[in-house]
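> Before I ask anything, let me first share the structure, which is written out below as structure tokens.
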Amino acid sequence: MCGIAGLWQRDGRPVEASELQRMADIQRHRGPDGEGFWHGGTIGLAHRRLKIIDMSERARQPMATPDGRLVLVFNGEIHNYLELRAELETRGVRFQSTSDTEVALWSYREWGAACFEKFNGMWAMAFWDADRESLVLSRDRFGLKPLYYSVAGPRIAFASEAKAIAEVFPEERRACARELRGFLHGGYPDCGEATFFANIRQVAPGHLLVAGSRGEERVKYWSFQPGREDPRDDAEEKFRWLLGDAVRLRMRSDVPVGV
């Protein structure tokens, strides 16, 4: 678990370093092993780090490509990062760390939004693409990692927790009456994009939010398609292999893990 946050003032106003610091501080419990910031004038990114893969400072976030044209903050883990790293190396990428963060960064650089179809993992990511002047927020297929955002005029803010947005923009504490009524009548919260806050939304599972200078677009990159239910003789063997492979990938770690 890590914590990410960011602000973009699309009207040209600079992002205050103190705002990013407050958004990071209130999410300190998500990442006790360090913090990092990146400022690009009208946009800023923040990260609270929990070290799992690559303990070195080379894996520190926010992480940028050498030319600075693409910057990433990331919460989660790409379980098949070693396989993707090998594929990227055949395309000429030279890595500076052993982290899955750098693999995610170069995957987006090489394949664009198609990279999310290649990822086996759980994630909440934010990419700042300087060439396109766009902010891309991506959430994993089943929404295992949280990703909240709010848009108010030219300003867009995002974070791993809604309270990080409300910490800097107290007006976003305004309640969503519809969600509160539904919850008090026995409904389930956090099932869609809405939250208990009227103007704080979630990036939906399997979706991207692509924000540009003129607006935002929601893009669905994945949906579950049930397969055929025909009997097969190797079903038990296939299931055991898939389960074993899933566990093997998720045991990749540079620190002790518990199962």
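Within each chain, counting starts at residue 1; across the structure tokens, chains are named A, B, ... in the order shown, with ligands numbered 1 upward in that order.
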Give me the region 63-161 of chain A side of the contact with region 49-59 of chain A, cut-off 6 Å, one line per residue showing its nearest atom pair and distance in Å at one decimal, counting only C-alpha atoms, sorted by chain and residue number, as CSV.

```
residue,atom,partner,partner_atom,distance
A:Ser97,CA,A:Arg58,CA,5.5
A:Thr98,CA,A:Asp54,CA,5.7
A:Ser99,CA,A:Asp54,CA,5.2
```
> Please run DSSP on the backbone and report, as an MDAnalysis selection string, all residues within region 49-232 of chain A that come out as strand (DSSP E or B).
chainID A and resid 49 63:64 70:78 121:129 134:139 148:152 155:159 175 197 201:202 207:212 215:220
> Using only C-alpha atoms, which residues sit within 10 Å of region 103-106 of chain A once same-chain residues fewer than 6 positions away are excluded, as a PyMOL selection string?
chain A and resi 63-65+70-74+77-78+80-86+88+93-95+97+112+115-116+119+125+127
> What does the distance from CA of Ile4 (chain A) to CA of Pro32 (chain A) come to in Å, to one decimal?
12.7 Å
> Which of these, A:His29, A:Glu110, A:Pro205, A:Val136, has the shortest distance to Lys220 (chain A) once you count only C-alpha atoms?
A:Pro205
> Give one line per residue of region 206-239 of chain A that approaches region 188-198 of chain A to at most 12 Å, naming the two atoms of the closest pair and their distance in Å to one decimal, counting only C-alpha atoms; sort by chain then ascending residue number and deliver it as CSV.

```
residue,atom,partner,partner_atom,distance
A:Gly206,CA,A:Gly192,CA,11.7
A:His207,CA,A:Glu193,CA,10.6
A:Leu209,CA,A:Glu193,CA,11.5
A:Arg218,CA,A:Glu193,CA,11.1
```
> Go ahead and dump the residues you just picked, all heavy atoms, as a short mmCIF file (atom, residue, chain, number, x, y, z; two decimals), in the first residue's frame.

```
data_model
loop_
_atom_site.label_atom_id
_atom_site.label_comp_id
_atom_site.auth_asym_id
_atom_site.auth_seq_id
_atom_site.Cartn_x
_atom_site.Cartn_y
_atom_site.Cartn_z
N GLY A 206 -11.47 -0.73 -13.98
CA GLY A 206 -11.32 -1.01 -15.40
C GLY A 206 -11.46 0.22 -16.28
O GLY A 206 -11.69 0.09 -17.49
N HIS A 207 -11.29 1.40 -15.72
CA HIS A 207 -11.46 2.64 -16.46
C HIS A 207 -10.23 3.55 -16.35
O HIS A 207 -9.42 3.42 -15.43
CB HIS A 207 -12.67 3.43 -15.95
CG HIS A 207 -13.98 2.94 -16.46
ND1 HIS A 207 -14.52 1.73 -16.08
CD2 HIS A 207 -14.86 3.50 -17.33
CE1 HIS A 207 -15.69 1.57 -16.68
NE2 HIS A 207 -15.92 2.63 -17.45
N LEU A 209 -9.41 7.86 -16.52
CA LEU A 209 -9.89 9.22 -16.64
C LEU A 209 -8.76 9.99 -17.31
O LEU A 209 -7.66 10.10 -16.77
CB LEU A 209 -10.20 9.83 -15.28
CG LEU A 209 -10.72 11.27 -15.35
CD1 LEU A 209 -12.17 11.29 -15.83
CD2 LEU A 209 -10.60 11.98 -14.01
N ARG A 218 -13.83 9.76 -19.86
CA ARG A 218 -13.76 8.46 -19.19
C ARG A 218 -13.66 7.37 -20.25
O ARG A 218 -14.48 7.32 -21.16
CB ARG A 218 -14.99 8.27 -18.32
CG ARG A 218 -15.06 9.21 -17.14
CD ARG A 218 -16.44 9.27 -16.54
NE ARG A 218 -16.53 10.22 -15.44
CZ ARG A 218 -16.64 11.52 -15.59
NH1 ARG A 218 -16.71 12.04 -16.80
NH2 ARG A 218 -16.70 12.32 -14.53
#
```
> Go through A:Cys2, A:Val15, A:Ala246, A:Ile26 one by one, measure the shortest atom-to-atom distance of each to Pro62 (chain A) using only C-alpha atoms, and give the residue with the smallest value.
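Looking at the shortest contact to Pro62 (chain A), the residue is A:Cys2.
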> Enter the distance from CA of Val168 (chain A) to CA of Ala17 (chain A), in Å, rounded to one decimal.
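Taking CA of Val168 (chain A) and CA of Ala17 (chain A), their separation equals 11.5 Å.
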> Report as a count of residues only: the residues of region 73-153 of chain A with a DSSP assignment of alpha helix (DSSP H), based on the backbone of this structure.
26
> I'd like to know which of A:Met122, A:Glu161, A:Gln9, A:Arg28 is closest to Asp100 (chain A), using only C-alpha atoms.
A:Met122
> Between A:Arg252, A:Asn199, A:Trp241, A:Gly44, which residue has the minimum interatomic distance to Ala166 (chain A), considering only C-alpha atoms?
A:Asn199
